[in-house]
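Asker: File follows, structure_16.tsv with TSV, C-alpha atoms and all ligand atoms:
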chain	number	residue	atom	x	y	z
A	32	MET	CA	117.76	148.25	73.25
A	33	SER	CA	120.09	149.96	70.76
A	34	ARG	CA	120.07	153.74	70.67
A	35	GLY	CA	121.19	155.97	67.83
A	36	VAL	CA	124.05	158.39	68.44
A	37	ASP	CA	121.59	161.31	68.35
A	38	ALA	CA	119.78	159.98	71.43
A	39	LEU	CA	123.03	160.07	73.39
A	40	ILE	CA	123.58	163.80	72.94
A	41	PHE	CA	122.42	165.38	76.18
A	42	SER	CA	119.57	167.84	75.77
A	43	GLU	CA	116.34	168.64	77.57
A	44	ALA	CA	114.56	166.24	75.23
A	45	THR	CA	116.99	163.34	75.61
A	46	SER	CA	118.28	163.76	79.17
A	47	ALA	CA	116.75	160.64	80.72
A	48	ASP	CA	117.61	158.49	77.70
A	49	ALA	CA	121.19	159.76	77.78
A	50	PHE	CA	121.44	158.49	81.37
A	51	ALA	CA	119.71	155.15	80.70
A	52	ALA	CA	121.77	154.46	77.55
A	53	ARG	CA	124.93	154.23	79.63
A	54	PHE	CA	123.66	151.03	81.20
A	55	ALA	CA	123.92	149.61	77.65
A	56	ALA	CA	122.15	146.25	77.45
A	57	SER	CA	122.13	145.68	81.19
A	58	ASP	CA	119.03	143.86	82.36
A	59	GLU	CA	119.92	144.31	86.01
A	60	SER	CA	116.94	145.35	88.09
A	61	THR	CA	119.13	148.02	89.71
A	62	ALA	CA	119.84	149.51	86.27
A	63	ARG	CA	116.15	149.51	85.40
A	64	LEU	CA	115.17	151.03	88.75
A	65	LEU	CA	117.85	153.72	88.53
A	66	SER	CA	116.82	154.59	84.97
A	67	ALA	CA	113.19	154.91	86.07
A	68	VAL	CA	114.11	157.07	89.10
A	69	VAL	CA	116.27	159.37	86.99
A	70	CYS	CA	113.60	159.57	84.28
A	71	HIS	CA	111.02	160.70	86.88
A	72	MET	CA	113.51	163.14	88.39
A	73	HIS	CA	114.28	164.68	85.00
A	74	ASP	CA	110.53	164.96	84.28
A	75	LEU	CA	110.09	166.80	87.59
A	76	ILE	CA	112.94	169.19	86.79
A	77	LYS	CA	111.43	169.87	83.37
A	78	GLU	CA	108.01	170.48	84.93
A	79	PHE	CA	109.14	172.80	87.74
A	80	ARG	CA	112.22	174.26	85.99
A	81	PRO	CA	114.11	175.22	89.17
A	82	SER	CA	116.79	177.87	89.10
A	83	GLN	CA	120.30	176.79	90.09
A	84	ASP	CA	119.74	178.40	93.51
A	85	GLN	CA	116.49	176.51	94.00
A	86	TRP	CA	118.16	173.23	93.03
A	87	ARG	CA	120.97	173.97	95.47
A	88	LYS	CA	118.31	174.30	98.20
A	89	VAL	CA	117.02	170.83	97.31
A	90	ILE	CA	120.53	169.43	97.68
A	91	ASP	CA	121.01	171.36	100.94
A	92	PHE	CA	117.76	169.85	102.27
A	93	LEU	CA	118.87	166.31	101.42
A	94	THR	CA	122.26	167.04	103.00
A	95	ASP	CA	120.49	168.18	106.19
A	96	VAL	CA	118.38	165.00	106.20
A	97	GLY	CA	121.57	162.95	106.14
A	98	HIS	CA	123.21	165.03	108.86
A	99	ALA	CA	120.11	164.67	111.09
A	100	SER	CA	120.30	160.87	110.88
A	101	ASP	CA	122.32	158.82	113.33
A	102	GLU	CA	121.92	155.59	115.27
A	103	ARG	CA	119.14	157.08	117.41
A	104	ARG	CA	117.30	159.12	114.83
A	105	GLN	CA	116.51	158.17	111.24
A	106	GLU	CA	115.44	161.27	109.36
A	107	TRP	CA	115.42	159.39	106.03
A	108	VAL	CA	112.84	156.98	107.43
A	109	LEU	CA	110.81	159.96	108.63
A	110	LEU	CA	110.94	161.40	105.10
A	111	SER	CA	109.79	158.04	103.71
A	112	ASP	CA	107.02	157.79	106.31
A	113	LEU	CA	105.69	161.32	105.97
A	114	THR	CA	105.56	161.19	102.19
A	115	GLY	CA	103.48	157.99	102.31
A	116	ALA	CA	106.28	155.99	100.68
A	117	SER	CA	106.61	153.61	103.65
A	118	ALA	CA	102.84	152.99	103.75
A	119	LEU	CA	102.79	152.35	100.01
A	120	VAL	CA	105.64	149.81	100.18
A	121	GLU	CA	103.85	148.11	103.10
A	122	GLU	CA	100.58	148.05	101.15
A	123	ILE	CA	102.19	146.54	98.06
A	124	ASN	CA	103.99	143.85	100.03
A	125	SER	CA	101.34	142.76	102.48
A	126	ARG	CA	98.09	142.64	100.57
A	127	ARG	CA	95.80	140.31	102.46
A	128	PRO	CA	92.46	138.63	101.75
A	129	LYS	CA	89.26	140.44	102.70
A	130	GLY	CA	88.56	140.10	106.40
A	131	ALA	CA	92.23	139.75	107.41
A	132	THR	CA	93.80	142.40	109.62
A	133	PRO	CA	95.89	144.71	107.43
A	134	ASN	CA	99.50	145.56	108.11
A	135	THR	CA	100.54	149.12	108.74
A	136	ILE	CA	104.03	150.50	109.22
A	137	ARG	CA	105.81	149.60	112.44
A	138	GLY	CA	106.95	153.13	113.20
A	139	PRO	CA	110.12	154.19	114.99
A	140	PHE	CA	109.27	153.37	118.63
A	141	PHE	CA	109.13	149.56	118.47
A	142	ARG	CA	111.49	147.63	120.75
A	143	THR	CA	112.29	143.99	120.11
A	144	ASP	CA	112.66	143.19	123.79
A	145	ALA	CA	109.20	143.92	125.23
A	146	PRO	CA	108.84	142.00	128.52
A	147	GLU	CA	106.43	139.09	128.78
A	148	ARG	CA	103.45	139.98	130.94
A	149	LYS	CA	100.67	138.00	132.60
A	150	ARG	CA	97.10	138.06	131.34
A	151	ASP	CA	95.12	141.03	132.73
A	152	SER	CA	98.23	142.69	134.19
A	153	SER	CA	98.91	146.38	133.60
A	154	ILE	CA	101.54	147.64	131.18
A	155	SER	CA	101.31	151.11	132.75
A	156	LEU	CA	104.21	151.01	135.18
A	157	ASP	CA	103.69	154.57	136.44
A	158	GLY	CA	99.87	154.46	136.48
A	159	VAL	CA	99.63	157.94	134.96
A	160	GLY	CA	96.57	158.44	132.78
A	161	GLU	CA	92.97	157.32	132.38
A	162	PRO	CA	92.70	153.53	132.88
A	163	LEU	CA	92.15	151.52	129.71
A	164	LEU	CA	91.07	147.87	129.48
A	165	VAL	CA	92.15	146.08	126.34
A	166	ALA	CA	90.35	142.83	125.51
A	167	GLY	CA	91.17	140.97	122.35
A	168	ARG	CA	91.00	137.79	120.37
A	169	VAL	CA	93.23	136.34	117.69
A	170	VAL	CA	91.47	134.23	115.06
A	171	ASP	CA	92.10	132.89	111.56
A	172	LEU	CA	90.08	133.70	108.46
A	173	ASP	CA	87.51	131.04	109.43
A	174	GLY	CA	87.03	132.63	112.85
A	175	GLU	CA	88.87	129.79	114.61
A	176	PRO	CA	91.08	130.84	117.54
A	177	VAL	CA	94.83	131.05	117.04
A	178	ALA	CA	95.82	129.57	120.39
A	179	GLY	CA	99.20	130.63	121.74
A	180	ALA	CA	99.59	133.60	119.40
A	181	GLU	CA	102.06	136.18	120.72
A	182	ILE	CA	100.80	139.73	120.99
A	183	ILE	CA	103.38	142.47	121.39
A	184	THR	CA	102.01	145.91	122.16
A	185	TRP	CA	103.55	149.34	122.56
A	186	GLN	CA	101.91	152.73	122.89
A	187	ALA	CA	102.39	156.37	123.83
A	188	ASN	CA	101.40	157.60	127.28
A	189	ALA	CA	98.61	160.04	128.13
A	190	GLN	CA	100.84	162.92	127.00
A	191	GLY	CA	101.67	161.31	123.66
A	192	TYR	CA	105.23	160.15	124.44
A	193	TYR	CA	106.79	156.71	124.19
A	194	GLU	CA	108.94	155.34	126.98
A	195	ASN	CA	112.07	155.43	124.82
A	196	GLN	CA	111.48	159.11	124.06
A	197	GLN	CA	111.50	159.94	127.77
A	198	PRO	CA	114.02	157.60	129.39
A	199	ASP	CA	114.37	159.97	132.36
A	200	LEU	CA	110.64	160.45	132.91
A	201	GLN	CA	109.08	157.06	132.21
A	202	PRO	CA	110.04	153.66	133.65
A	203	GLU	CA	111.91	151.30	131.36
A	204	PHE	CA	109.41	149.29	129.24
A	205	ASN	CA	106.49	151.47	130.34
A	206	LEU	CA	103.44	150.77	128.18
A	207	ARG	CA	105.03	147.79	126.44
A	208	GLY	CA	104.32	144.12	126.82
A	209	LEU	CA	104.23	140.70	125.28
A	210	PHE	CA	101.14	138.57	125.88
A	211	GLN	CA	100.14	135.10	124.83
A	212	ALA	CA	96.67	134.23	123.59
A	213	ASP	CA	94.92	131.42	125.47
A	214	ALA	CA	93.32	128.33	123.94
A	215	ALA	CA	90.34	130.44	122.82
A	216	GLY	CA	92.69	132.98	121.19
A	217	ARG	CA	91.87	135.53	123.89
A	218	PHE	CA	94.19	138.03	125.52
A	219	GLY	CA	93.68	141.05	127.74
A	220	TYR	CA	95.59	143.63	129.72
A	221	ARG	CA	95.29	146.97	131.46
A	222	SER	CA	96.85	150.18	130.29
A	223	VAL	CA	96.13	153.90	130.07
A	224	ARG	CA	94.41	155.71	127.24
A	225	PRO	CA	97.11	157.03	124.89
A	226	ALA	CA	97.12	160.55	123.49
A	227	GLY	CA	97.79	161.42	119.87
A	228	TYR	CA	101.08	163.08	119.16
A	229	SER	CA	103.04	165.05	116.64
A	230	VAL	CA	105.81	163.38	114.68
A	231	PRO	CA	109.21	165.06	115.17
A	232	HIS	CA	109.28	168.53	113.70
A	233	ASP	CA	112.65	169.64	115.01
A	234	GLY	CA	114.51	168.23	112.01
A	235	PRO	CA	114.67	169.20	108.33
A	236	VAL	CA	111.79	166.93	107.21
A	237	GLY	CA	109.33	168.12	109.88
A	238	ARG	CA	110.36	171.74	109.41
A	239	LEU	CA	109.90	171.61	105.63
A	240	LEU	CA	106.42	170.06	105.89
A	241	ALA	CA	105.29	172.21	108.84
A	242	ASP	CA	106.42	175.36	107.01
A	243	ALA	CA	104.32	174.21	104.05
A	244	GLY	CA	101.27	173.89	106.34
A	245	TYR	CA	101.28	170.08	106.32
A	246	PRO	CA	99.74	168.35	109.39
A	247	LEU	CA	102.27	166.31	111.38
A	248	HIS	CA	99.74	164.84	113.79
A	249	ARG	CA	99.13	161.18	114.58
A	250	PRO	CA	95.71	160.31	116.02
A	251	ALA	CA	95.74	158.27	119.26
A	252	HIS	CA	96.55	154.61	118.71
A	253	LEU	CA	97.92	151.36	120.11
A	254	HIS	CA	100.64	149.45	118.23
A	255	PHE	CA	100.56	145.68	117.88
A	256	GLN	CA	102.60	142.89	116.42
A	257	ILE	CA	100.95	139.45	116.39
A	258	ARG	CA	102.97	136.33	115.69
A	259	ALA	CA	101.95	132.69	115.49
A	260	ALA	CA	103.61	129.65	113.96
A	261	GLY	CA	102.25	129.02	110.47
A	262	PHE	CA	100.70	132.48	110.10
A	263	GLU	CA	101.84	135.74	108.54
A	264	THR	CA	103.01	138.14	111.23
A	265	ILE	CA	100.68	141.10	111.62
A	266	THR	CA	102.17	144.51	112.39
A	267	THR	CA	99.40	147.00	112.84
A	268	HIS	CA	97.69	149.79	114.80
A	269	ILE	CA	94.36	150.08	116.57
A	270	TYR	CA	93.09	153.66	116.46
A	271	ASP	CA	90.95	155.38	119.07
A	272	GLY	CA	87.62	155.88	117.29
A	273	GLY	CA	86.96	159.01	119.37
A	274	ASP	CA	89.97	160.91	118.05
A	275	PRO	CA	88.67	163.79	115.92
A	276	ARG	CA	91.83	163.77	113.77
A	277	LEU	CA	91.60	160.24	112.40
A	278	GLY	CA	91.49	161.63	108.88
A	279	GLU	CA	94.92	163.22	108.96
A	280	ASP	CA	97.31	160.55	110.22
A	281	ALA	CA	100.74	161.82	109.19
A	282	LEU	CA	101.88	158.22	108.57
A	283	PHE	CA	98.83	157.11	106.54
A	284	GLY	CA	98.09	154.12	108.80
A	285	VAL	CA	94.33	154.54	109.37
A	286	ARG	CA	92.09	151.85	107.83
A	287	PRO	CA	88.41	151.59	108.76
A	288	GLU	CA	88.86	148.09	110.20
A	289	LEU	CA	91.61	149.36	112.53
A	290	VAL	CA	89.43	152.05	114.14
A	291	ARG	CA	87.75	150.82	117.33
A	292	PRO	CA	85.53	152.66	119.82
A	293	PHE	CA	87.04	153.34	123.24
A	294	GLU	CA	83.96	152.89	125.43
A	295	PRO	CA	83.51	154.43	128.89
A	296	VAL	CA	83.26	151.83	131.67
A	297	GLU	CA	83.64	151.74	135.42
A	298	LEU	CA	86.64	149.94	136.84
A	299	GLU	CA	86.90	149.45	140.60
A	300	GLY	CA	84.69	152.50	141.15
A	301	GLN	CA	86.73	154.64	138.77
A	302	ALA	CA	85.93	155.95	135.31
A	303	ALA	CA	87.86	153.98	132.72
A	304	TRP	CA	87.84	153.04	129.04
A	305	ARG	CA	87.54	149.72	127.30
A	306	VAL	CA	88.45	148.68	123.77
A	307	THR	CA	87.80	145.28	122.21
A	308	ILE	CA	89.91	144.05	119.36
A	309	GLU	CA	89.91	141.11	116.98
A	310	PHE	CA	92.99	140.28	114.94
A	311	VAL	CA	92.44	138.04	111.94
A	312	MET	CA	95.54	136.14	110.82
A	313	VAL	CA	96.29	134.61	107.43
A	314	ARG	CA	98.10	131.31	107.03
A	315	ALA	CA	101.65	131.87	105.80
A	316	LYS	CA	102.76	130.60	102.44
A	317	PRO	CA	105.53	128.02	102.87
A	318	GLY	CA	108.76	129.70	103.95
A	319	ARG	CA	107.09	133.04	104.63
A	320	THR	CA	105.77	134.50	107.86
A	321	ARG	CA	105.51	138.07	106.76
B	401	FE	FE	102.77	155.40	117.49
Here is a file; write its structure as structure tokens.
Ligand SMILES: [Fe+2]

Answerer:
Amino acid sequence: MSRGVDALIFSEATSADAFAARFAASDESTARLLSAVVCHMHDLIKEFRPSQDQWRKVIDFLTDVGHASDERRQEWVLLSDLTGASALVEEINSRRPKGATPNTIRGPFFRTDAPERKRDSSISLDGVGEPLLVAGRVVDLDGEPVAGAEIITWQANAQGYYENQQPDLQPEFNLRGLFQADAAGRFGYRSVRPAGYSVPHDGPVGRLLADAGYPLHRPAHLHFQIRAAGFETITTHIYDGGDPRLGEDALFGVRPELVRPFEPVELEGQAAWRVTIEFVMVRAKPGRTR
């Protein structure tokens, strides 16, 4: 698109165009994306009209986010997660037919090396917490079992902490496991009922949102990744239907079909909980499993 020389003179009215014009006739998607980002940023500045000091604080915040990120902690991802950006990107990229289990974000506590465990074994290596029985089935959209599907699970403990957050307090791989569905698509294991937890609020992102009165809570949930040859991989949560704070998940993962009741049962003379789950997989398009 050709632009007259007047449009290139930087002013409040022309600021975004003045930026975009410098890409000349570039049709690169990066150029188009950058132009759009800058256009939205200029619109925001024009709407809120920050002082130079206020703008400096914005830059200081972003600087702090970078400084708080290292190989163990990713504050940028936290910013993306807590603003709903991660959930939106997931939603756009993994839209599934009605009846299929939706994807949600994987979150920061996933480990790729969860140990393989036997059917009906316990993933609670320290046994601390109220016993939970998980019984599930993996099926396709026609309700047919997906035999041999791999189910990876990971969850917080009864205090709301993941094993890799407390390497000195919890056994390695506590509350993690990899299971294989049988010929009927069934799987099952024992665990403990997880607690909800707060996302980190000791860094710049959590502090900013908490100071603004924004809830940083995650309702109690189990994480799952389900893989099977020829099917799209599912990465999702199952939420404890009894958690009173389901409506304010800080990471925007709650979908009605992912909320399941945790029912009281008796297990070997002890009070326990039971949750039943069905994962519905979608056949992968050629060359795509995700
Ligand atoms: Fe989690």

Asker: How many Å separate CA of Arg126 in chain A from CA of Arg276 in chain A?

Answerer: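 Value for the CA of Arg126 in chain A-CA of Arg276 in chain A distance: 25.7 Å.
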
Asker: Work out how far apart CA of Thr114 in chain A and CA of Gly227 in chain A are and give it in Å to one decimal.

Answerer: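 Between CA of Thr114 in chain A and CA of Gly227 in chain A the gap is 19.3 Å.
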
Asker: Name the closest residue to Ile136 in chain A among the candidates A:Val89, A:Leu282, A:Ala303, A:Met72; distances are taken between atoms, counting all atoms listed in the file.

Answerer: A:Leu282

Asker: Leaving out range 268-273 of chain A and any residue of its chain fewer than 6 positions from it, which residues lie within 9 Å of it when counting all atoms listed in the file, given as a list of chain:residue names?

Answerer: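 What passes the distance filter is A:Asn134, A:Thr135, A:Ile136, A:Arg137, A:Arg224, A:Pro225, A:Pro250, A:Ala251, A:His252, A:Leu253, A:His254, A:Phe255, A:Gln256, A:Gly284, A:Val285, A:Arg286, A:Glu288, A:Leu289, A:Val290, A:Arg291, A:Pro292, A:Phe293, A:Val306, A:Ile308.
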
Asker: Please produce a file of those selected residues containing C-alpha atoms, as a CSV table (one decimal), keeping the file's coordinate frame.

Answerer:
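Saved file result33.csv follows:
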chain,number,residue,atom,x,y,z
A,134,ASN,CA,99.5,145.6,108.1
A,135,THR,CA,100.5,149.1,108.7
A,136,ILE,CA,104.0,150.5,109.2
A,137,ARG,CA,105.8,149.6,112.4
A,224,ARG,CA,94.4,155.7,127.2
A,225,PRO,CA,97.1,157.0,124.9
A,250,PRO,CA,95.7,160.3,116.0
A,251,ALA,CA,95.7,158.3,119.3
A,252,HIS,CA,96.6,154.6,118.7
A,253,LEU,CA,97.9,151.4,120.1
A,254,HIS,CA,100.6,149.4,118.2
A,255,PHE,CA,100.6,145.7,117.9
A,256,GLN,CA,102.6,142.9,116.4
A,284,GLY,CA,98.1,154.1,108.8
A,285,VAL,CA,94.3,154.5,109.4
A,286,ARG,CA,92.1,151.8,107.8
A,288,GLU,CA,88.9,148.1,110.2
A,289,LEU,CA,91.6,149.4,112.5
A,290,VAL,CA,89.4,152.0,114.1
A,291,ARG,CA,87.8,150.8,117.3
A,292,PRO,CA,85.5,152.7,119.8
A,293,PHE,CA,87.0,153.3,123.2
A,306,VAL,CA,88.4,148.7,123.8
A,308,ILE,CA,89.9,144.0,119.4

Asker: Which one is closest to ligand FE 401 (chain B): A:His248, A:Arg87, A:Arg80, A:His73? Count all atoms listed in the file.

Answerer: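 Closest to ligand FE 401 (chain B) of all the choices is A:His248.
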
Asker: Of the candidates A:Glu102, A:Ala51, A:Gly208, A:Val169, which shows the shortest atom-to-atom distance to Leu64 in chain A, using all atoms listed in the file?

Answerer: A:Ala51

Asker: Can you tell me which residues surround range 38-48 of chain A at a distance of at most 12 Å, considering all atoms listed in the file, apart from same-chain residues fewer than 5 positions away, and format the answer as a short mmCIF file (atom, residue, chain, number, x, y, z; two decimals) with C-alpha atoms, keeping the file's coordinate frame?

Answerer:
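File result-v9.cif, as written:
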data_model
loop_
_atom_site.label_atom_id
_atom_site.label_comp_id
_atom_site.auth_asym_id
_atom_site.auth_seq_id
_atom_site.Cartn_x
_atom_site.Cartn_y
_atom_site.Cartn_z
CA MET A 32 117.76 148.25 73.25
CA SER A 33 120.09 149.96 70.76
CA ARG A 53 124.93 154.23 79.63
CA PHE A 54 123.66 151.03 81.20
CA ALA A 55 123.92 149.61 77.65
CA ARG A 63 116.15 149.51 85.40
CA LEU A 65 117.85 153.72 88.53
CA SER A 66 116.82 154.59 84.97
CA ALA A 67 113.19 154.91 86.07
CA VAL A 68 114.11 157.07 89.10
CA VAL A 69 116.27 159.37 86.99
CA CYS A 70 113.60 159.57 84.28
CA HIS A 71 111.02 160.70 86.88
CA MET A 72 113.51 163.14 88.39
CA HIS A 73 114.28 164.68 85.00
CA ASP A 74 110.53 164.96 84.28
CA LEU A 75 110.09 166.80 87.59
CA ILE A 76 112.94 169.19 86.79
CA LYS A 77 111.43 169.87 83.37
CA GLU A 78 108.01 170.48 84.93
CA ARG A 80 112.22 174.26 85.99
#

Asker: Can you tell me how far CA of Leu209 in chain A sits from CA of Pro146 in chain A, in Å to one decimal?

Answerer: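 Between CA of Leu209 in chain A and CA of Pro146 in chain A the gap works out to 5.8 Å.
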